Amino acid sequence: MQYLLSILLILFPSFAFAGWPAKSEEDEFFSLERASLEDTLNVKTSVATKSAMNLRETPGLVAVITREEIQALGARDLIDVLKLVPEFDFGVDVQGNLGLAVRGNWANEGKVLLIWDGQVYNEPLYSTVQFDRFPVDQIEQIEIIKGPGSVVYGGNAELAVINIHTLSAKTLKGSDAFAGYGQGTNARAREYAGYSFGNTFGKTDIAAKAFLGGAQRSDRRYTDFSGASYAMNGNSRLRPENLNLSVARGDSSFRLILDDFYLTDRDHFGSVLSTGPSKVQFPAVFAEARHTIWLPGLVRLEPSLNYAKSQAWLEKDNYFGYDKKTERVTAALTAFYHPGQYADFMGGTEYYHDAVKVDDITAAGSQYGNGSDSARYDNYAFFGQGNFPLEFVNLTAGARYDKHSQYGSSLVPRVAATRLAGDFNLKAIYSQAFRAPSIENIRLNPAIKPEKTTSEEFEAGYKASETVFLSANVFDIAIKDPIIFNSSTTPAGTTESYRNYDRTGTAGFGLGFKFKSGASRADLSYQCYMAHDNRVDVYSVPLHASYLLGFPRHKFTLTASLPLGPGLSLNPSAIYLSRRYGYAGDGSLKVFGERVMTDLNLRMKDRLLKGLALDLGVKDLFKSGYSYIQPYDGGHAPLPAGSREIFIKADYGF
Amino acid sequence: MGSKSLACAALLFLTGTVSAGNTAAVLSSGGSAYLEAFSAFQAAYGAEVPYYDLSKGKADLPAGTRTVVAFGGKAAAYQYPPGIQLVYCMAPGAYIKTAPQRPKPVKISLLPVIGTIMATIRAIQPSLRTLKLFWVSPSYGHYTEEFRTEGARLGVTISALRLESSDDLPSALRQGIGGMDAFLVMPDPLLITPDTMMILREFSWANGIPFYGSTKGMAREGAVASVGVSFKDIGAAAAAAALRLEAGGDLPDVIFPEKIELTLNASAAKKCRVDFTSDIIGEAAYLFP
């Protein structure tokens, strides 16, 4: 804490000595009327509290990425967007999958919650997210909490929350069709298409979105630690399919999502598969009903019922047999009460029931307790939060209590103070969060307990002019009892398990510069972490205690949009990563040097035809040779990312 | 920096150091709302006008200044030398009085002609019978009689309620349920904040009672419609007033600009079961989906 305060005072000496500038009622009144940068800074988000709040006042370090920004990037998939978040990095896990890291902490299993149109996309077996499956061209807005969110969202929101909204019926007001094609240095990189329809019929909003994707992870060559290699061209397919249907009438809404995603790979658990690729599939179905009830006295109730069915990590080949069907039913009731300017409250309860059934092809060792082919778990939770706009500070306090039928209870609080005064804003947040053990965590260790994170974050922002906004943040994350996979090999065989380690975590800071004037904009961000009291040996970098495996300590990101003429813009983006460390297979560490990845996208909209947008982009313009590193000592060599890619896309709204 | 900002900066550079004529402009600050109105004022006024930003220092008016056009409440309330004719705008809630022997200040209202406001609201909601007005700043009390007169002409009863503070808003809204078909909120800085906007929106949407605002921002934040005046038109009206006074003409205490800026919010209309006619949509300067 002292360390954080020291950094804060170094970054913002004026805060220690200078008073806040006064802002008159008239200034505030007219600020409601302004546009451009002010619009960007005043974006309303409900991701941190479930009630709409101004971005600079919401009690969390929150980023909102709009459709306009995503489209300007010429993003091919969700990874293209998330890699530009300075706090995020990607690493390779197993079986061709990528996982996310947050502020240097490997967060692949259960530490980051991803919500897509209200549906939790963390599969329930290991709580991972498959980031290659999402149709990025159907996204309306992405809200990201770059810190804990368990008080509102529960046990998968330990380090971050990614909440994604797709195009609504009102936004679409007709049809939108798109198709993209990418050509890598050595082979075709991707081809995909999608169609969205939405409109209002009488008092009913109807939207339907379909997507068929096809890409490959890379056209480069993977080499395992023994020196065996394979060409990823044709052996690293990524194949998402998605149908998303929604109906809303009055205060009720219904949604059905049919989703399938499979990938192929020959690197599997590290060693090259000699006889061809394996196929790993993640089919899922989501159904949801929601309703809003308005009660007298400014009370709003939101009951919801969700059903999710999935077969994550489904594999039926001669390399591995794994077929587990999971179902989750979630019932929730959230209440909102806004009695006046002096306070507003949110509270509710949530119950979910998990069921898993093992198919015959799954290895006998993958059964549940006492050789059973199924297991069931229940979890109920209560949560509440109050927001109190006091004279000098906006105070938010809340807590969530979860009780799981297997591993017991978790209680996490959050207290946040935010202050928006004139052109300055300041946030100070203390929060705890937890990671709920997943179904497979419990199977491999019935005594596993939730890991718990304590986080302190500070953020300050200053609107330097009508076009320039500066920000800085410092953070300290301590993860106690982290749940980590380990295996041990003895003459009797290999034993796999999950266990709670002692602790890990990071501390660091970030800086941001945002410019917006009319159609011109630029965002430059810097993020730095250092390992803080890490006692997890499989994450550590020997002799470099400030590093964690797989992820750079320093990261710069730049995105910009430069109008070239009516409907024509040039959109560069770049990422600088400092050196990273990964294992080299013989117990030795390898240093991976700095990398700069540069993308360029030329976008033309409404020029040839009203509603038609054309993108021509180059991805990894300078051939960085970037690879995803496994951020633990798991025997997987670095997985090459795609080569330089020429990318074209057409999007037509009609 | 955008072309508008550049133009304003160039304008301020040119006008800020040159003293010409008998008119000066004083701005509360360099905020973009004031600059937008001032820019339009300068364009409509013609001759270059010296400019002062009170957030950077006091206004040392050139000798011979007879008219000051003030942008913002702080500039309007500034202590000017005796004999100065004050025209003030962008000062919602402010009402400046001077000693009888001094020139009478003229205010450019942020509200358009009240008859036009009432006619527009009635056109949006033909079933309107009772309209409640809310405000906090005492100066808006001057307008209630005219609202009543114009309302009566259209068969609409006006129920006017001045709140002691914005804290009274939730209870005032709750007490109003059943006694109003819609409510209108004045452009009052003592009432309009992000928090009260949320309360107004939630009350309106939850109870299906249309909320009418008086600025574009209010419609963006959840009012069914806002009937106001653009900052450009306010600047132009200030220029016309200054020229008229300098020509020896006489003006009322408050000038309500003729031209309205109508902004509509389709989501709010749906929540309140208001159907916009094609004529109304055609009149709107802005439509939020």
# chains A, B, ... in the order shown; residues from 1 in each chain; ligands from 1
call {"tool": "select_by_dssp", "arguments": {"residues": "segment 379-414 of chain A", "states": "strand (DSSP E)", "output": "MDAnalysis selection string"}}
result
chainID A and resid 379:389 394:404 408:414
call {"tool": "closest_atom_pairs", "arguments": {"of": "chain B", "to": "chain A", "cutoff": "10 Å", "atoms": "only C-alpha atoms", "output": "CSV"}}
result
residue,atom,partner,partner_atom,distance
B:Met1,CA,A:Ser517,CA,5.5
B:Gly2,CA,A:Ser517,CA,5.0
B:Ser3,CA,A:Gly518,CA,8.1
B:Lys4,CA,A:Gly518,CA,9.0
B:Ser5,CA,A:Glu466,CA,8.5
B:Ser28,CA,A:Asp27,CA,9.5
B:Ser29,CA,A:Asp27,CA,9.1
B:Gly30,CA,A:Glu466,CA,9.8
B:Gly31,CA,A:Asp27,CA,8.0
B:Ser32,CA,A:Glu466,CA,7.5
B:Ala33,CA,A:Phe30,CA,6.5
B:Tyr34,CA,A:Phe30,CA,8.8
B:Gly72,CA,A:Glu26,CA,7.9
B:Gly73,CA,A:Glu26,CA,7.4
B:Lys74,CA,A:Glu26,CA,9.1
B:Met90,CA,A:Phe30,CA,9.0
B:Ala91,CA,A:Glu26,CA,7.7
B:Pro92,CA,A:Glu26,CA,7.7
B:Gly93,CA,A:Glu26,CA,8.9
B:Ser166,CA,A:Gln341,CA,8.1
B:Asp167,CA,A:Gln341,CA,6.3
B:Asp168,CA,A:Gly340,CA,8.4
B:Leu169,CA,A:Gly340,CA,7.7
B:Pro170,CA,A:Gly340,CA,5.7
B:Ser171,CA,A:Gly340,CA,8.4
B:Leu173,CA,A:Gly297,CA,9.7
B:Arg174,CA,A:Gly297,CA,7.0
B:Ile177,CA,A:Pro296,CA,9.9
B:Pro187,CA,A:Phe29,CA,8.3
B:Asp188,CA,A:Phe29,CA,7.9
B:Pro189,CA,A:Glu25,CA,5.2
B:Leu190,CA,A:Glu25,CA,6.2
B:Leu191,CA,A:Glu25,CA,8.8
B:Ile192,CA,A:Phe29,CA,6.3
B:Thr193,CA,A:Phe29,CA,6.5
B:Pro194,CA,A:Leu32,CA,7.7
B:Asp195,CA,A:Gln341,CA,6.0
B:Thr196,CA,A:Gln341,CA,6.8
B:Met197,CA,A:Leu32,CA,9.9
B:Met198,CA,A:Ala52,CA,8.8
B:Ile199,CA,A:Gly340,CA,7.2
B:Glu202,CA,A:Leu298,CA,7.1
B:Phe203,CA,A:Leu298,CA,6.5
B:Trp205,CA,A:Trp294,CA,9.2
B:Ala206,CA,A:Trp294,CA,5.8
B:Asn207,CA,A:Trp294,CA,8.1
B:Thr215,CA,A:Glu33,CA,7.6
B:Lys216,CA,A:Glu33,CA,6.7
B:Gly217,CA,A:Glu33,CA,4.8
B:Met218,CA,A:Leu32,CA,8.0
B:Arg220,CA,A:Glu33,CA,9.0
B:Glu221,CA,A:Leu32,CA,8.8
B:Ala266,CA,A:Lys170,CA,10.0
B:Ser267,CA,A:Lys170,CA,9.2
B:Lys270,CA,A:Lys203,CA,8.5
B:Lys271,CA,A:Gly250,CA,8.3
B:Pro289,CA,A:Lys170,CA,7.4
call {"tool": "write_last_selection", "arguments": {"atoms": "C-alpha atoms", "output": "mmCIF file, in the first residue's frame"}}
result
data_model
loop_
_atom_site.group_PDB
_atom_site.id
_atom_site.type_symbol
_atom_site.label_atom_id
_atom_site.label_comp_id
_atom_site.auth_asym_id
_atom_site.auth_seq_id
_atom_site.Cartn_x
_atom_site.Cartn_y
_atom_site.Cartn_z
ATOM 1 C CA MET B 1 -7.622 20.115 -32.831
ATOM 2 C CA GLY B 2 -10.776 20.112 -34.958
ATOM 3 C CA SER B 3 -11.587 22.648 -37.594
ATOM 4 C CA LYS B 4 -14.185 24.240 -35.313
ATOM 5 C CA SER B 5 -11.711 24.591 -32.479
ATOM 6 C CA SER B 28 -17.068 32.996 -18.112
ATOM 7 C CA SER B 29 -14.445 30.574 -19.382
ATOM 8 C CA GLY B 30 -13.054 29.084 -22.569
ATOM 9 C CA GLY B 31 -15.547 26.208 -22.388
ATOM 10 C CA SER B 32 -16.613 24.983 -25.771
ATOM 11 C CA ALA B 33 -20.297 25.818 -25.248
ATOM 12 C CA TYR B 34 -19.443 29.485 -24.645
ATOM 13 C CA GLY B 72 -22.151 32.558 -19.075
ATOM 14 C CA GLY B 73 -23.490 33.321 -15.621
ATOM 15 C CA LYS B 74 -20.156 34.421 -14.188
ATOM 16 C CA MET B 90 -25.678 31.227 -21.986
ATOM 17 C CA ALA B 91 -26.560 32.047 -18.405
ATOM 18 C CA PRO B 92 -29.470 29.748 -17.574
ATOM 19 C CA GLY B 93 -30.957 30.592 -14.220
ATOM 20 C CA SER B 166 -32.669 19.211 -6.595
ATOM 21 C CA ASP B 167 -32.871 16.904 -3.557
ATOM 22 C CA ASP B 168 -36.613 17.488 -3.594
ATOM 23 C CA LEU B 169 -36.987 16.104 -7.087
ATOM 24 C CA PRO B 170 -37.709 12.404 -6.302
ATOM 25 C CA SER B 171 -40.500 13.219 -3.838
ATOM 26 C CA LEU B 173 -42.038 13.383 -8.986
ATOM 27 C CA ARG B 174 -43.674 10.725 -6.841
ATOM 28 C CA ILE B 177 -47.999 10.688 -10.340
ATOM 29 C CA PRO B 187 -32.644 24.506 -18.469
ATOM 30 C CA ASP B 188 -31.684 25.056 -14.860
ATOM 31 C CA PRO B 189 -28.131 24.307 -13.701
ATOM 32 C CA LEU B 190 -29.355 24.039 -10.117
ATOM 33 C CA LEU B 191 -31.631 21.194 -11.161
ATOM 34 C CA ILE B 192 -29.932 19.481 -14.076
ATOM 35 C CA THR B 193 -27.059 17.190 -13.111
ATOM 36 C CA PRO B 194 -26.117 13.698 -14.277
ATOM 37 C CA ASP B 195 -27.825 12.324 -11.151
ATOM 38 C CA THR B 196 -31.085 14.185 -11.594
ATOM 39 C CA MET B 197 -31.107 13.278 -15.262
ATOM 40 C CA MET B 198 -31.002 9.628 -14.243
ATOM 41 C CA ILE B 199 -33.850 10.150 -11.785
ATOM 42 C CA GLU B 202 -36.072 6.414 -14.662
ATOM 43 C CA PHE B 203 -39.229 8.044 -13.345
ATOM 44 C CA TRP B 205 -39.727 5.540 -18.329
ATOM 45 C CA ALA B 206 -41.000 3.543 -15.353
ATOM 46 C CA ASN B 207 -44.312 5.403 -15.199
ATOM 47 C CA THR B 215 -31.631 21.201 -24.380
ATOM 48 C CA LYS B 216 -30.329 18.588 -26.751
ATOM 49 C CA GLY B 217 -28.435 16.896 -23.910
ATOM 50 C CA MET B 218 -31.642 16.250 -22.003
ATOM 51 C CA ARG B 220 -29.938 12.393 -25.328
ATOM 52 C CA GLU B 221 -30.165 11.446 -21.646
ATOM 53 C CA ALA B 266 -37.134 7.390 -29.988
ATOM 54 C CA SER B 267 -36.413 4.995 -27.087
ATOM 55 C CA LYS B 270 -41.489 4.160 -26.960
ATOM 56 C CA LYS B 271 -41.262 3.823 -23.179
ATOM 57 C CA PRO B 289 -32.572 6.174 -31.611
#
call {"tool": "atom_distance", "arguments": {"atom1": "atom CA of Leu273 of chain A", "atom2": "atom CA of Gly642 of chain A"}}
result
20.2 Å
call {"tool": "select_by_dssp", "arguments": {"residues": "segment 95-319 of chain A", "states": "alpha helix (DSSP H)", "output": "PyMOL selection string"}}
result
chain A and resi 150-153+169-172
call {"tool": "write_last_selection", "arguments": {"atoms": "C-alpha atoms", "output": "mmCIF file, in the first residue's frame"}}
result
data_model
loop_
_atom_site.group_PDB
_atom_site.id
_atom_site.type_symbol
_atom_site.label_atom_id
_atom_site.label_comp_id
_atom_site.auth_asym_id
_atom_site.auth_seq_id
_atom_site.Cartn_x
_atom_site.Cartn_y
_atom_site.Cartn_z
ATOM 1 C CA SER A 150 -16.568 -10.734 -8.297
ATOM 2 C CA VAL A 151 -18.781 -8.528 -6.127
ATOM 3 C CA VAL A 152 -21.169 -8.204 -9.043
ATOM 4 C CA TYR A 153 -20.281 -11.200 -11.212
ATOM 5 C CA ALA A 169 -32.651 -4.874 -33.408
ATOM 6 C CA LYS A 170 -32.815 -1.106 -32.929
ATOM 7 C CA THR A 171 -29.244 -0.633 -34.087
ATOM 8 C CA LEU A 172 -29.625 -2.864 -37.104
#
call {"tool": "closest_residue", "arguments": {"among": "A:Ala447, A:Leu614, A:Ala248, A:Val92", "to": "Pro638 of chain A", "atoms": "only C-alpha atoms"}}
result
A:Val92
call {"tool": "residues_around", "arguments": {"residues": "Phe383 of chain A", "least_positions_apart": "6", "cutoff": "6 Å", "atoms": "only C-alpha atoms", "output": "PyMOL selection string"}}
result
chain A and resi 347-348+399-400
call {"tool": "write_last_selection", "arguments": {"atoms": "N, CA and C atoms", "output": "mmCIF file, in the first residue's frame"}}
result
data_model
loop_
_atom_site.group_PDB
_atom_site.id
_atom_site.type_symbol
_atom_site.label_atom_id
_atom_site.label_comp_id
_atom_site.auth_asym_id
_atom_site.auth_seq_id
_atom_site.Cartn_x
_atom_site.Cartn_y
_atom_site.Cartn_z
ATOM 1 N N GLY A 347 -29.053 -4.901 -5.468
ATOM 2 C CA GLY A 347 -28.843 -6.118 -4.704
ATOM 3 C C GLY A 347 -29.601 -7.257 -5.337
ATOM 4 N N GLY A 348 -29.228 -8.465 -4.975
ATOM 5 C CA GLY A 348 -29.949 -9.575 -5.568
ATOM 6 C C GLY A 348 -29.444 -10.913 -5.110
ATOM 7 N N ALA A 399 -20.744 -6.114 -1.496
ATOM 8 C CA ALA A 399 -20.184 -7.415 -1.133
ATOM 9 C C ALA A 399 -21.008 -8.515 -1.786
ATOM 10 N N ARG A 400 -20.381 -9.674 -1.897
ATOM 11 C CA ARG A 400 -21.087 -10.839 -2.445
ATOM 12 C C ARG A 400 -20.703 -12.066 -1.617
#
call {"tool": "closest_residue", "arguments": {"among": "A:Pro135, A:Pro566, A:Gly276, A:Gly653", "to": "Asp259 of chain A", "atoms": "only C-alpha atoms"}}
result
A:Pro135
call {"tool": "residues_around", "arguments": {"residues": "segment 275-278 of chain B", "least_positions_apart": "2", "cutoff": "10 Å", "atoms": "only C-alpha atoms", "output": "number ranges by chain"}}
result
B: 123-125, 224-225, 264-266, 269-270, 272-273, 280-284
call {"tool": "write_last_selection", "arguments": {"atoms": "C-alpha atoms", "output": "CSV table (one decimal), in the first residue's frame"}}
result
chain,number,residue,atom,x,y,z
B,123,ALA,CA,-48.0,18.5,-31.4
B,124,ILE,CA,-45.9,15.7,-30.0
B,125,GLN,CA,-48.4,14.6,-27.4
B,224,VAL,CA,-38.9,12.2,-25.0
B,225,ALA,CA,-38.1,15.5,-26.7
B,264,LEU,CA,-36.3,13.7,-30.2
B,265,ASN,CA,-35.5,10.4,-28.4
B,266,ALA,CA,-37.1,7.4,-30.0
B,269,ALA,CA,-41.0,7.9,-26.8
B,270,LYS,CA,-41.5,4.2,-27.0
B,272,CYS,CA,-43.8,6.6,-22.8
B,273,ARG,CA,-46.1,5.4,-25.6
B,280,ILE,CA,-42.5,16.2,-36.0
B,281,ILE,CA,-39.7,14.0,-37.1
B,282,GLY,CA,-39.2,16.3,-40.1
B,283,GLU,CA,-38.9,19.3,-37.8
B,284,ALA,CA,-36.4,17.6,-35.5
call {"tool": "residues_around", "arguments": {"residues": "segment 135-144 of chain B", "least_positions_apart": "3", "cutoff": "7 Å", "atoms": "only C-alpha atoms", "output": "list in words"}}
result
Gly93, Ala94, Tyr95, Phe147, Arg148, Ala160, Leu161, Arg162, Leu163, Glu164, Ser165, Val185, Met186, Asp188, Leu190 and Leu191 of chain B
call {"tool": "atom_distance", "arguments": {"atom1": "atom CA of Ser229 of chain A", "atom2": "atom CA of Leu98 of chain A"}}
result
19.3 Å
call {"tool": "residues_around", "arguments": {"residues": "Glu258 of chain B", "least_positions_apart": "4", "cutoff": "9 Å", "atoms": "only C-alpha atoms", "output": "compact mmCIF listing (two decimals) with N, CA and C atoms, in the first residue's frame"}}
result
# COMPACT_ATOMS: atom_id res chain seq x y z
N PRO B 112 -36.72 28.99 -26.06
CA PRO B 112 -37.29 29.74 -27.19
C PRO B 112 -38.63 30.38 -26.78
N VAL B 113 -39.31 30.96 -27.73
CA VAL B 113 -40.61 31.58 -27.46
C VAL B 113 -41.52 30.56 -26.79
N THR B 116 -44.17 28.75 -28.68
CA THR B 116 -43.65 27.72 -29.60
C THR B 116 -43.34 26.44 -28.84
N VAL B 229 -32.94 26.03 -27.87
CA VAL B 229 -32.32 26.91 -28.85
C VAL B 229 -30.87 26.47 -28.99
call {"tool": "residues_around", "arguments": {"residues": "Gln527 of chain A", "least_positions_apart": "5", "cutoff": "10 Å", "atoms": "only C-alpha atoms", "output": "mmCIF file with N, CA and C atoms, in the first residue's frame"}}
result
data_model
loop_
_atom_site.group_PDB
_atom_site.id
_atom_site.type_symbol
_atom_site.label_atom_id
_atom_site.label_comp_id
_atom_site.auth_asym_id
_atom_site.auth_seq_id
_atom_site.Cartn_x
_atom_site.Cartn_y
_atom_site.Cartn_z
ATOM 1 N N VAL A 85 -5.616 -4.016 -25.702
ATOM 2 C CA VAL A 85 -5.854 -3.568 -24.320
ATOM 3 C C VAL A 85 -4.523 -3.692 -23.585
ATOM 4 N N PRO A 86 -3.976 -2.601 -23.070
ATOM 5 C CA PRO A 86 -2.611 -2.663 -22.537
ATOM 6 C C PRO A 86 -2.435 -3.634 -21.381
ATOM 7 N N GLU A 87 -3.504 -3.906 -20.647
ATOM 8 C CA GLU A 87 -3.401 -4.806 -19.487
ATOM 9 C C GLU A 87 -3.466 -6.272 -19.899
ATOM 10 N N PHE A 88 -3.798 -6.561 -21.155
ATOM 11 C CA PHE A 88 -4.012 -7.949 -21.584
ATOM 12 C C PHE A 88 -2.858 -8.459 -22.451
ATOM 13 N N ARG A 103 -2.506 -8.144 -16.592
ATOM 14 C CA ARG A 103 -1.427 -7.469 -15.844
ATOM 15 C C ARG A 103 -0.340 -8.461 -15.445
ATOM 16 N N GLY A 104 0.029 -9.322 -16.384
ATOM 17 C CA GLY A 104 1.117 -10.271 -16.170
ATOM 18 C C GLY A 104 0.703 -11.583 -15.552
ATOM 19 N N ALA A 472 -3.604 7.883 -15.662
ATOM 20 C CA ALA A 472 -2.567 7.029 -15.091
ATOM 21 C C ALA A 472 -3.209 6.144 -14.039
ATOM 22 N N ASN A 473 -2.644 4.970 -13.865
ATOM 23 C CA ASN A 473 -3.169 4.083 -12.838
ATOM 24 C C ASN A 473 -2.039 3.315 -12.179
ATOM 25 N N VAL A 474 -2.245 2.911 -10.964
ATOM 26 C CA VAL A 474 -1.337 2.006 -10.270
ATOM 27 C C VAL A 474 -2.172 0.880 -9.674
ATOM 28 N N GLY A 508 2.090 -2.739 -10.396
ATOM 29 C CA GLY A 508 2.602 -1.965 -11.515
ATOM 30 C C GLY A 508 1.797 -0.716 -11.748
ATOM 31 N N PHE A 509 1.986 -0.148 -12.926
ATOM 32 C CA PHE A 509 1.272 1.082 -13.238
ATOM 33 C C PHE A 509 1.060 1.203 -14.745
ATOM 34 N N GLY A 510 0.196 2.101 -15.117
ATOM 35 C CA GLY A 510 -0.087 2.346 -16.527
ATOM 36 C C GLY A 510 -0.296 3.821 -16.789
ATOM 37 N N LEU A 511 -0.073 4.213 -18.029
ATOM 38 C CA LEU A 511 -0.270 5.604 -18.437
ATOM 39 C C LEU A 511 -1.082 5.621 -19.726
ATOM 40 N N GLY A 512 -1.873 6.639 -19.915
ATOM 41 C CA GLY A 512 -2.680 6.719 -21.132
ATOM 42 C C GLY A 512 -2.761 8.132 -21.663
ATOM 43 N N PRO A 552 5.419 -9.936 -21.229
ATOM 44 C CA PRO A 552 6.380 -8.826 -21.138
ATOM 45 C C PRO A 552 6.054 -7.918 -19.957
ATOM 46 N N ARG A 553 7.074 -7.359 -19.368
ATOM 47 C CA ARG A 553 6.832 -6.434 -18.247
ATOM 48 C C ARG A 553 6.381 -5.073 -18.767
ATOM 49 N N HIS A 554 6.751 -4.753 -19.987
ATOM 50 C CA HIS A 554 6.404 -3.440 -20.523
ATOM 51 C C HIS A 554 5.637 -3.617 -21.833
ATOM 52 N N LYS A 555 4.559 -2.882 -21.946
ATOM 53 C CA LYS A 555 3.762 -2.983 -23.172
ATOM 54 C C LYS A 555 3.250 -1.596 -23.538
ATOM 55 N N PHE A 556 3.443 -1.233 -24.784
ATOM 56 C CA PHE A 556 2.865 -0.002 -25.334
ATOM 57 C C PHE A 556 1.835 -0.400 -26.388
ATOM 58 N N THR A 557 0.737 0.308 -26.420
ATOM 59 C CA THR A 557 -0.216 0.109 -27.508
ATOM 60 C C THR A 557 -0.584 1.464 -28.112
#
call {"tool": "atom_distance", "arguments": {"atom1": "atom CA of Gly565 of chain A", "atom2": "atom CA of Met604 of chain A"}}
result
9.4 Å
call {"tool": "decode", "arguments": {"residues": "segment 515-534 of chain A", "atoms": "N, CA and C atoms", "output": "compact mmCIF listing (two decimals), in the first residue's frame"}}
result
# COMPACT_ATOMS: atom_id res chain seq x y z
N PHE A 515 -6.47 11.28 -27.57
CA PHE A 515 -6.73 12.49 -28.36
C PHE A 515 -7.94 12.23 -29.23
N LYS A 516 -8.86 13.18 -29.24
CA LYS A 516 -9.99 13.05 -30.16
C LYS A 516 -10.43 14.42 -30.59
N SER A 517 -10.50 14.60 -31.86
CA SER A 517 -11.00 15.85 -32.42
C SER A 517 -11.71 15.52 -33.71
N GLY A 518 -13.01 15.67 -33.70
CA GLY A 518 -13.78 15.29 -34.88
C GLY A 518 -13.55 13.82 -35.18
N ALA A 519 -13.19 13.54 -36.42
CA ALA A 519 -13.00 12.14 -36.81
C ALA A 519 -11.58 11.66 -36.54
N SER A 520 -10.69 12.55 -36.13
CA SER A 520 -9.31 12.15 -35.83
C SER A 520 -9.23 11.70 -34.38
N ARG A 521 -8.53 10.61 -34.16
CA ARG A 521 -8.33 10.18 -32.78
C ARG A 521 -7.06 9.35 -32.68
N ALA A 522 -6.52 9.32 -31.47
CA ALA A 522 -5.34 8.50 -31.19
C ALA A 522 -5.37 8.11 -29.73
N ASP A 523 -4.98 6.88 -29.46
CA ASP A 523 -4.87 6.38 -28.09
C ASP A 523 -3.49 5.75 -27.93
N LEU A 524 -2.74 6.24 -26.98
CA LEU A 524 -1.43 5.67 -26.68
C LEU A 524 -1.44 5.25 -25.23
N SER A 525 -1.08 3.99 -24.98
CA SER A 525 -1.12 3.48 -23.61
C SER A 525 0.16 2.73 -23.29
N TYR A 526 0.49 2.74 -22.03
CA TYR A 526 1.66 2.01 -21.55
C TYR A 526 1.27 1.27 -20.29
N GLN A 527 1.74 0.04 -20.16
CA GLN A 527 1.45 -0.73 -18.96
C GLN A 527 2.70 -1.47 -18.53
N CYS A 528 2.93 -1.49 -17.24
CA CYS A 528 4.11 -2.15 -16.70
C CYS A 528 3.70 -2.97 -15.48
N TYR A 529 4.21 -4.19 -15.37
CA TYR A 529 3.96 -4.96 -14.16
C TYR A 529 5.28 -5.47 -13.62
N MET A 530 5.28 -5.83 -12.37
CA MET A 530 6.39 -6.61 -11.82
C MET A 530 5.79 -7.65 -10.88
N ALA A 531 6.36 -8.84 -10.93
CA ALA A 531 5.86 -9.90 -10.05
C ALA A 531 5.99 -9.43 -8.61
N HIS A 532 4.97 -9.70 -7.84
CA HIS A 532 4.94 -9.21 -6.47
C HIS A 532 4.72 -10.38 -5.53
N ASP A 533 5.80 -10.78 -4.87
CA ASP A 533 5.71 -11.85 -3.88
C ASP A 533 5.15 -13.13 -4.50
N ASN A 534 5.65 -13.47 -5.70
CA ASN A 534 5.20 -14.70 -6.35
C ASN A 534 5.86 -15.91 -5.71
